[in-house]
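Dropping model34.txt in here (compact mmCIF, C-alpha atoms):
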```
# COMPACT_ATOMS: atom_id res chain seq x y z
CA MET A 1 -29.72 -12.02 -18.04
CA THR A 2 -26.22 -10.60 -18.37
CA PRO A 3 -24.34 -11.26 -21.60
CA ASP A 4 -21.14 -13.31 -21.75
CA PHE A 5 -18.46 -10.87 -22.81
CA GLU A 6 -15.39 -11.87 -24.75
CA GLY A 7 -12.28 -11.23 -22.65
CA MET A 8 -9.90 -8.83 -24.36
CA ARG A 9 -8.27 -5.47 -23.73
CA VAL A 10 -8.80 -2.24 -25.61
CA GLU A 11 -5.22 -1.04 -26.10
CA THR A 12 -6.30 1.99 -28.14
CA PRO A 13 -8.77 4.69 -27.12
CA PRO A 14 -12.34 3.50 -27.70
CA GLU A 15 -13.03 6.25 -30.24
CA SER A 16 -10.57 4.57 -32.63
CA SER A 17 -11.29 0.97 -31.62
CA GLU A 18 -12.90 -1.38 -34.11
CA LYS A 19 -14.82 -3.11 -31.35
CA ILE A 20 -16.52 -0.12 -29.75
CA LYS A 21 -18.24 2.14 -32.23
CA LYS A 22 -20.41 5.17 -31.82
CA ALA A 23 -24.10 4.92 -32.63
CA ARG A 24 -24.88 5.26 -36.31
CA HIS A 25 -28.48 6.31 -35.78
CA LEU A 26 -29.72 9.76 -34.86
CA TYR A 27 -28.41 10.69 -31.44
CA LEU A 28 -30.92 12.04 -28.94
CA PRO A 29 -30.28 12.69 -25.25
CA LEU A 30 -31.62 10.02 -22.92
CA ARG A 31 -34.02 12.38 -21.16
CA ILE A 32 -35.70 13.27 -24.46
CA LYS A 33 -36.09 9.58 -25.33
CA LEU A 34 -37.68 8.85 -21.96
CA MET A 35 -40.07 11.78 -22.35
CA ALA A 36 -41.07 10.45 -25.79
CA VAL A 37 -41.70 6.98 -24.35
CA PHE A 38 -44.08 8.29 -21.70
CA VAL A 39 -45.88 10.53 -24.20
CA VAL A 40 -46.43 7.54 -26.52
CA ALA A 41 -47.62 5.46 -23.58
CA LEU A 42 -50.12 8.12 -22.52
CA LEU A 43 -51.57 8.70 -26.00
CA PRO A 44 -53.87 5.62 -25.90
CA LEU A 45 -55.12 6.70 -22.48
CA ALA A 46 -55.90 10.18 -23.81
CA ALA A 47 -57.70 8.65 -26.78
CA LEU A 48 -59.85 6.60 -24.42
CA GLN A 49 -60.98 9.78 -22.72
CA LEU A 50 -62.02 11.41 -26.05
CA LEU A 51 -63.65 8.43 -27.75
CA ASP A 52 -66.91 6.72 -26.87
CA THR A 53 -65.72 3.40 -25.46
CA SER A 54 -69.04 2.26 -24.01
CA ALA A 55 -69.64 -0.24 -26.82
CA ILE A 56 -66.10 -1.64 -26.53
CA SER A 57 -66.41 -1.83 -22.75
CA ALA A 58 -69.68 -3.69 -23.06
CA LEU A 59 -68.07 -6.11 -25.52
CA PHE A 60 -65.15 -6.90 -23.17
CA GLY A 61 -67.25 -6.93 -20.03
CA GLY A 62 -65.97 -3.64 -18.58
CA TYR A 63 -62.30 -4.79 -18.51
CA PHE A 64 -61.15 -2.91 -21.58
CA ILE A 65 -59.95 0.30 -19.92
CA PRO A 66 -57.98 -1.47 -17.11
CA ALA A 67 -56.45 -3.80 -19.71
CA ALA A 68 -55.49 -0.86 -21.93
CA VAL A 69 -53.86 0.93 -18.96
CA LEU A 70 -51.95 -2.25 -18.05
CA LEU A 71 -50.71 -2.72 -21.61
CA CYS A 72 -49.52 0.91 -21.80
CA ALA A 73 -47.73 0.57 -18.47
CA LEU A 74 -46.12 -2.71 -19.63
CA PHE A 75 -45.00 -1.08 -22.88
CA ALA A 76 -43.45 1.86 -20.99
CA TYR A 77 -41.67 -0.52 -18.59
CA MET A 78 -40.20 -2.65 -21.37
CA VAL A 79 -38.88 0.37 -23.24
CA VAL A 80 -37.42 1.99 -20.10
CA ASP A 81 -35.87 -1.34 -19.08
CA ARG A 82 -34.19 -1.66 -22.47
CA MET A 83 -32.98 1.95 -22.48
CA THR A 84 -31.81 2.30 -18.87
CA VAL A 85 -31.87 -0.82 -16.68
CA ARG A 86 -30.25 -3.22 -19.15
CA PRO A 87 -27.28 -0.93 -19.95
CA LEU A 88 -26.71 -0.39 -16.22
CA ARG A 89 -26.69 -4.15 -15.66
CA GLN A 90 -24.20 -4.56 -18.49
CA LEU A 91 -21.93 -1.92 -16.94
CA LEU A 92 -22.20 -3.61 -13.54
CA HIS A 93 -21.38 -7.01 -15.03
CA TRP A 94 -18.44 -5.48 -16.88
CA LEU A 95 -17.01 -3.95 -13.71
CA GLN A 96 -17.43 -7.22 -11.79
CA THR A 97 -15.72 -9.22 -14.55
CA ALA A 98 -12.86 -6.73 -14.89
CA ARG A 99 -12.23 -6.64 -11.13
CA LYS A 100 -12.40 -10.45 -10.89
CA ASN A 101 -9.69 -10.70 -13.55
CA SER A 102 -7.60 -7.95 -11.88
CA PHE A 103 -8.17 -5.86 -15.03
CA GLU A 104 -5.83 -8.18 -16.91
CA HIS A 105 -8.55 -9.46 -19.28
CA VAL A 106 -11.09 -6.68 -19.62
CA PRO A 107 -14.23 -7.41 -21.67
CA ILE A 108 -15.52 -5.00 -24.29
CA ILE A 109 -18.62 -3.08 -23.24
CA PRO A 110 -21.29 -3.70 -25.90
CA ILE A 111 -23.08 -0.37 -25.40
CA ALA A 112 -23.05 2.22 -28.16
CA SER A 113 -26.04 4.55 -27.83
CA SER A 114 -27.04 7.42 -25.55
CA GLU A 115 -25.18 8.61 -22.47
CA TYR A 116 -24.51 5.03 -21.42
CA GLY A 117 -22.50 4.52 -24.58
CA GLN A 118 -20.40 7.56 -23.76
CA LEU A 119 -19.90 6.26 -20.21
CA ALA A 120 -18.88 2.85 -21.58
CA ARG A 121 -16.27 4.39 -23.88
CA GLU A 122 -14.85 6.54 -21.08
CA LEU A 123 -14.67 3.55 -18.72
CA SER A 124 -12.83 1.50 -21.33
CA ALA A 125 -10.38 4.31 -22.03
CA SER A 126 -9.78 4.92 -18.30
CA THR A 127 -9.25 1.21 -17.63
CA SER A 128 -6.73 0.94 -20.45
CA PHE A 129 -4.91 4.02 -19.17
CA PHE A 130 -4.65 2.72 -15.61
CA TRP A 131 -3.66 -0.74 -16.82
CA GLU A 132 -0.85 0.69 -18.93
CA SER A 133 0.24 2.86 -15.99
CA GLU A 134 0.33 -0.21 -13.76
CA GLN A 135 2.44 -2.04 -16.34
CA ARG A 136 4.94 0.84 -16.32
CA VAL A 137 5.03 0.78 -12.52
CA ARG A 138 5.67 -2.96 -12.54
CA THR A 139 8.51 -2.48 -15.01
CA LEU A 140 10.04 0.22 -12.81
CA LEU A 141 9.70 -1.99 -9.73
CA ALA A 142 11.43 -4.81 -11.58
CA HIS A 143 14.32 -2.49 -12.47
CA LYS A 144 14.43 -1.32 -8.86
CA SER A 145 14.60 -4.92 -7.64
CA ASP A 146 17.45 -5.65 -10.04
CA THR A 147 19.32 -2.58 -8.82
CA LEU A 148 18.86 -3.63 -5.20
CA SER A 149 20.15 -7.09 -6.00
CA LEU A 150 23.21 -5.49 -7.55
CA ILE A 151 23.73 -3.33 -4.45
CA GLU A 152 23.23 -6.34 -2.19
CA HIS A 153 25.72 -8.58 -3.95
CA GLN A 154 28.30 -6.04 -5.08
CA LEU A 155 28.40 -3.85 -1.96
CA ARG A 156 26.88 -5.53 1.08
CA THR A 157 28.75 -8.81 0.85
CA PRO A 158 32.24 -7.25 0.38
CA LEU A 159 31.58 -4.75 3.18
CA THR A 160 30.57 -7.51 5.57
CA ALA A 161 33.74 -9.44 4.74
CA LEU A 162 35.80 -6.30 5.22
CA LEU A 163 34.29 -5.65 8.65
CA TRP A 164 35.07 -9.21 9.71
CA SER A 165 38.67 -8.84 8.57
CA LEU A 166 39.09 -5.57 10.50
CA GLU A 167 38.13 -7.09 13.85
CA GLY A 168 41.20 -7.20 16.10
CA SER A 169 43.40 -5.39 13.59
CA GLU A 170 45.17 -2.07 14.01
CA VAL A 171 42.99 0.22 11.92
CA PRO A 172 42.41 3.93 12.59
CA SER A 173 39.09 4.47 14.33
CA ASN A 174 37.90 6.97 11.72
CA VAL A 175 38.46 4.40 8.94
CA GLN A 176 36.61 1.70 10.82
CA GLN A 177 33.84 4.15 11.65
CA ALA A 178 33.47 5.11 8.00
CA ILE A 179 33.24 1.47 6.92
CA VAL A 180 30.62 0.76 9.59
CA ARG A 181 28.67 3.80 8.40
CA ILE A 182 28.74 2.69 4.75
CA SER A 183 27.77 -0.86 5.68
CA SER A 184 24.90 0.36 7.86
CA THR A 185 23.59 2.65 5.12
CA VAL A 186 23.67 -0.12 2.50
CA GLU A 187 21.90 -2.48 4.91
CA SER A 188 19.22 0.11 5.64
CA ILE A 189 18.55 0.80 1.95
CA VAL A 190 18.21 -2.90 1.13
CA GLU A 191 16.06 -3.60 4.18
CA ALA A 192 13.67 -0.68 3.54
CA SER A 193 13.24 -1.66 -0.10
CA ARG A 194 12.59 -5.32 0.74
CA ILE A 195 9.96 -4.25 3.27
CA GLU A 196 8.17 -2.10 0.67
CA GLU A 197 8.26 -4.93 -1.87
CA GLY A 198 6.86 -7.41 0.65
CA LYS A 199 9.98 -9.59 0.32
CA PHE A 200 11.22 -9.16 3.87
CA GLY A 201 10.66 -12.70 5.15
CA TYR A 202 10.58 -13.78 8.79
CA VAL A 203 11.61 -16.99 10.53
CA PHE A 204 10.27 -17.10 14.09
CA ALA A 205 11.99 -19.15 16.77
CA LYS A 206 13.00 -19.00 20.43
CA VAL A 207 15.56 -16.22 20.78
CA ASP A 208 17.79 -15.29 23.70
CA LEU A 209 17.94 -11.50 23.62
CA VAL A 210 20.84 -11.09 26.04
CA PRO A 211 23.66 -12.54 23.89
CA LEU A 212 22.09 -10.98 20.79
CA THR A 213 22.08 -7.51 22.36
CA GLU A 214 25.58 -7.96 23.79
CA LYS A 215 26.90 -8.91 20.35
CA ILE A 216 25.44 -5.72 18.86
CA ARG A 217 26.81 -3.64 21.74
CA VAL A 218 30.31 -4.99 21.12
CA ARG A 219 29.97 -4.28 17.41
CA LEU A 220 28.93 -0.67 18.01
CA LYS A 221 31.36 -0.03 20.87
CA PRO A 222 34.08 1.44 18.58
CA LEU A 223 31.52 3.89 17.16
CA ALA A 224 30.47 4.95 20.68
CA GLU A 225 34.09 5.34 21.81
CA SER A 226 34.91 7.47 18.77
CA ARG A 227 32.03 9.80 19.76
CA ASN A 228 33.03 9.74 23.46
CA VAL A 229 29.63 8.20 24.31
CA GLN A 230 29.28 5.64 27.09
CA LEU A 231 27.38 2.55 25.85
CA THR A 232 26.00 0.26 28.57
CA PHE A 233 23.78 -2.81 28.67
CA THR A 234 21.79 -3.83 31.75
CA HIS A 235 19.48 -6.80 32.14
CA GLU A 236 17.90 -9.05 34.71
CA PRO A 237 19.47 -12.49 35.30
CA ASN A 238 18.00 -15.66 33.79
CA LEU A 239 15.70 -13.94 31.35
CA PRO A 240 13.41 -16.25 29.32
CA ARG A 241 13.59 -16.48 25.59
CA VAL A 242 11.17 -14.69 23.28
CA ARG A 243 9.45 -15.73 20.08
CA ALA A 244 11.03 -13.66 17.33
CA ASP A 245 13.15 -13.60 14.18
CA GLU A 246 16.69 -13.28 15.57
CA ASP A 247 18.19 -11.60 12.50
CA ARG A 248 15.34 -9.07 12.19
CA ILE A 249 15.33 -8.18 15.89
CA GLY A 250 19.09 -7.78 15.60
CA ILE A 251 18.47 -5.20 12.88
CA VAL A 252 16.04 -3.35 15.17
CA MET A 253 18.52 -3.28 18.05
CA ALA A 254 21.36 -2.16 15.80
CA ASN A 255 19.28 0.64 14.28
CA LEU A 256 18.07 1.92 17.66
CA LEU A 257 21.51 1.82 19.25
CA SER A 258 23.30 3.43 16.29
CA ASN A 259 20.67 6.19 16.18
CA ALA A 260 21.11 6.82 19.90
CA ILE A 261 24.90 7.00 19.55
CA ASP A 262 24.72 9.26 16.49
CA TYR A 263 22.54 11.86 18.17
CA THR A 264 24.17 11.90 21.60
CA PRO A 265 26.80 14.64 22.05
CA SER A 266 30.28 13.89 23.37
CA GLY A 267 30.26 12.95 27.04
CA GLY A 268 26.73 11.56 26.89
CA SER A 269 25.44 8.05 27.50
CA VAL A 270 23.34 5.37 25.81
CA ASP A 271 21.84 2.54 27.82
CA VAL A 272 19.89 -0.49 26.61
CA SER A 273 17.99 -2.51 29.19
CA ILE A 274 15.87 -5.67 29.17
CA VAL A 275 13.43 -6.56 31.95
CA ALA A 276 10.73 -9.20 32.30
CA ALA A 277 7.12 -8.18 32.95
CA ASN A 278 3.76 -9.88 32.39
CA GLN A 279 4.95 -12.77 30.20
CA GLN A 280 6.96 -10.47 27.98
CA LEU A 281 10.34 -8.80 27.83
CA ASP A 282 10.47 -5.01 27.75
CA ILE A 283 13.41 -3.63 25.78
CA THR A 284 14.35 0.02 26.24
CA VAL A 285 17.04 2.17 24.63
CA HIS A 286 17.63 5.42 26.50
CA ASP A 287 20.05 8.18 25.54
CA SER A 288 21.00 11.61 26.80
CA GLY A 289 21.10 13.06 23.30
CA ILE A 290 19.63 16.05 21.51
CA GLY A 291 16.08 14.69 21.64
CA ILE A 292 13.28 15.10 19.11
CA PRO A 293 11.36 18.36 18.73
CA LYS A 294 7.62 18.10 19.37
CA GLY A 295 6.79 19.10 15.80
CA ASP A 296 8.90 16.25 14.39
CA MET A 297 7.39 13.48 16.53
CA PRO A 298 4.47 12.61 14.18
CA HIS A 299 6.90 12.07 11.29
CA ILE A 300 9.81 10.18 12.82
CA PHE A 301 8.72 6.80 11.39
CA ASN A 302 8.35 8.12 7.85
CA LYS A 303 10.90 6.82 5.40
CA LEU A 304 13.81 9.25 4.82
CA TYR A 305 12.43 11.75 7.34
CA ARG A 306 14.94 13.45 9.64
CA GLY A 307 14.32 16.14 12.21
CA SER A 308 15.81 19.60 11.78
CA ASN A 309 18.15 19.24 14.76
CA ALA A 310 19.22 15.76 13.60
CA VAL A 311 20.19 17.09 10.16
CA LYS A 312 22.30 19.82 11.75
CA MET A 313 24.14 17.36 13.98
CA ARG A 314 24.57 14.50 11.45
CA PRO A 315 24.11 15.66 7.83
CA ASP A 316 25.06 12.19 6.56
CA GLY A 317 22.15 10.30 8.17
CA SER A 318 19.78 8.17 6.06
CA GLY A 319 16.44 8.57 7.86
CA ILE A 320 15.62 4.88 7.33
CA GLY A 321 16.42 3.26 10.69
CA LEU A 322 13.15 3.94 12.52
CA PHE A 323 11.11 3.12 9.39
CA VAL A 324 12.73 -0.33 9.22
CA ALA A 325 12.48 -0.90 12.98
CA LYS A 326 8.77 -0.06 13.08
CA ASN A 327 7.92 -2.43 10.21
CA ILE A 328 9.91 -5.30 11.71
CA LEU A 329 8.26 -4.87 15.10
CA HIS A 330 4.81 -4.66 13.55
CA ALA A 331 5.51 -8.02 11.90
CA HIS A 332 6.20 -9.33 15.41
CA GLY A 333 2.94 -7.88 16.70
CA ALA A 334 4.81 -5.30 18.77
CA GLU A 335 4.46 -1.54 19.02
CA ILE A 336 7.44 0.78 19.21
CA VAL A 337 7.03 3.68 21.64
CA VAL A 338 9.15 6.83 21.53
CA ARG A 339 9.32 9.36 24.36
CA SER A 340 11.45 12.40 23.77
CA GLY A 341 11.84 16.12 24.09
CA GLU A 342 14.28 18.54 22.52
CA LEU A 343 17.53 18.64 24.53
CA ARG A 344 16.07 16.09 26.98
CA GLY A 345 17.17 12.82 25.42
CA THR A 346 15.12 10.03 23.87
CA GLU A 347 13.69 6.75 25.11
CA VAL A 348 12.61 4.07 22.63
CA SER A 349 10.92 0.92 23.90
CA PHE A 350 9.10 -2.17 22.68
CA SER A 351 7.99 -5.54 24.09
CA LEU A 352 8.22 -9.11 22.83
CA PRO A 353 6.22 -12.08 24.15
CA VAL A 354 7.97 -14.82 26.08
CA ALA A 355 8.26 -18.01 24.04
```
Produce structure tokens that represent the structure in this file.
Amino acid sequence: MTPDFEGMRVETPPESSEKIKKARHLYLPLRIKLMAVFVVALLPLAALQLLDTSAISALFGGYFIPAAVLLCALFAYMVVDRMTVRPLRQLLHWLQTARKNSFEHVPIIPIASSEYGQLARELSASTSFFWESEQRVRTLLAHKSDTLSLIEHQLRTPLTALLWSLEGSEVPSNVQQAIVRISSTVESIVEASRIEEGKFGYVFAKVDLVPLTEKIRVRLKPLAESRNVQLTFTHEPNLPRVRADEDRIGIVMANLLSNAIDYTPSGGSVDVSIVAANQQLDITVHDSGIGIPKGDMPHIFNKLYRGSNAVKMRPDGSGIGLFVAKNILHAHGAEIVVRSGELRGTEVSFSLPVA
């Protein structure tokens, strides 16, 4: 029967805790105690071999020796159970209770003697250490969330309003390009952080990808023209709608197109196409850019990772776009596929189910 432990946390190391104390009696290693138990259990059996037990056996009808052996075995079992099995059960019950309570209310381990007592004290100390570390991590994450909220409200909103006000106005292309770059970077930072925090919500509905993609193409057209990159959009007529989150898929398209434009040299081209196949729409972004070296391919979806040739061409990149795109598409049950080779351009594709 497992004991009912009182739920509380050991904030201090167990050696200085008032609840967990070291054994006050003479400390002997567990192996020596077990050896002593078996020696004591065997002594009556040895005595039976030396003494004349015929009279006693006749008195008890010949059952004395088997009964004596059974009693010695029962005595050895009870002592071993108390010294080894019961402490192990207590440790198991403690671990189950602590895990069930997410280590928020950790019971005290009522074991003080032998090696099990040492193990109990170390487990309590380790649990307290990891719990305190988790509390510090939670505090840091809370500060991070507050900082992101500040960035979102103090930077993203004004930048969005500024971009709206610049549409159709006579503004130098380099100024508009710089504002688009800042806005895109802020968006990427916020989006990546929300994904990591699990706060990147989705609202699925029927989405028409053609006007959505055309809107993003128009928005990025000034950036492409400033880089002397031809940006085209081709699609089949009367395409069906897909089941997706329109805002999130818009982020994916914007990230893929801006990446393609950024890493395509002057005079190159970027083409996005949408075709229907097998009850889904296949979306492909193809560019004639610098490509991705073979050694960089396994890392391109890592947050903040940028290939060596990409850093040389655009030192101001963030390395967040593909990380965000992959996570959004995974939430849609879609895989993102990248085919590329250094100096051979890049093709990025994914598919969404027809609604």
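Excluding A:Lys294 itself and any same-chain residue fewer than 4 positions from it, the protein and nucleic acid residues within 12 Å of it, counting only C-alpha atoms, are Pro298, His299, Ile300, Gly307, Ser308, Asn309, Val338, Arg339, Ser340, Gly341, Glu342, Leu343, Arg344 and Thr346 of chain A.
Proximity to A:Leu166 was assessed for A:Arg219, A:Arg121, A:Arg138, A:His143 counting all atoms listed in the file; the smallest distance is recorded for A:Arg219.
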Padding of 8 Å on every side, edges along x, y and z, all listed atoms of stretch 73-76 of chain A included: what centre and edge lengths in Å, to one decimal, does that box have, as AutoDock Vina command-line options?
```
--center_x -45.6 --center_y -0.4 --center_z -20.7 --size_x 20.3 --size_y 20.6 --size_z 20.4
```
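Between A:Glu225 and the residues A:Val79, A:Leu304, A:Val311, A:Ile261, the shortest atom-to-atom distance, using all atoms listed in the file, involves A:Ile261.
Nearest residue to A:Ile290, choosing from A:Thr264, A:Ser269, A:Gln177, A:Thr185 and counting only C-alpha atoms: A:Thr264.
Atom pair atom CA of A:Ser173 / atom CA of A:Ala310: separated by 22.9 Å.
Interatomic distance, atom CA of A:Ser351 to atom CA of A:Leu220: 22.3 Å.
Residue nearest A:Phe130, chosen from A:Gln118, A:Ser102, A:Ser258, A:Gln96 and counting all atoms listed in the file: A:Ser102.
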Atom-to-atom span, atom CA of A:Tyr202 and atom CA of A:Val186, Å: 19.9 Å
If you count only C-alpha atoms, which residues fall within 12 Å of A:Val175, apart from same-chain ones fewer than 4 positions away, as a PDB file with C-alpha atoms, in the frame of the given file?
```pdb
ATOM      1  CA  LEU A 162      35.800  -6.300   5.220  1.00  0.00           C
ATOM      2  CA  LEU A 163      34.290  -5.650   8.650  1.00  0.00           C
ATOM      3  CA  LEU A 166      39.090  -5.570  10.500  1.00  0.00           C
ATOM      4  CA  SER A 169      43.400  -5.390  13.590  1.00  0.00           C
ATOM      5  CA  GLU A 170      45.170  -2.070  14.010  1.00  0.00           C
ATOM      6  CA  VAL A 171      42.990   0.220  11.920  1.00  0.00           C
ATOM      7  CA  ILE A 179      33.240   1.470   6.920  1.00  0.00           C
ATOM      8  CA  VAL A 180      30.620   0.760   9.590  1.00  0.00           C
ATOM      9  CA  ARG A 181      28.670   3.800   8.400  1.00  0.00           C
ATOM     10  CA  ILE A 182      28.740   2.690   4.750  1.00  0.00           C
ATOM     11  CA  PRO A 222      34.080   1.440  18.580  1.00  0.00           C
ATOM     12  CA  LEU A 223      31.520   3.890  17.160  1.00  0.00           C
ATOM     13  CA  SER A 226      34.910   7.470  18.770  1.00  0.00           C
TER      14      SER A 226
END
```
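In terms of minimum interatomic distance to A:Ser288, A:Leu231 ranks closest within A:Leu119, A:Leu322, A:Ile328, A:Leu231, counting all atoms listed in the file.
Using all atoms listed in the file, the nearest neighbour of A:Val229 within the list A:Leu256, A:Gly268, A:Phe204, A:Thr127 is A:Gly268.
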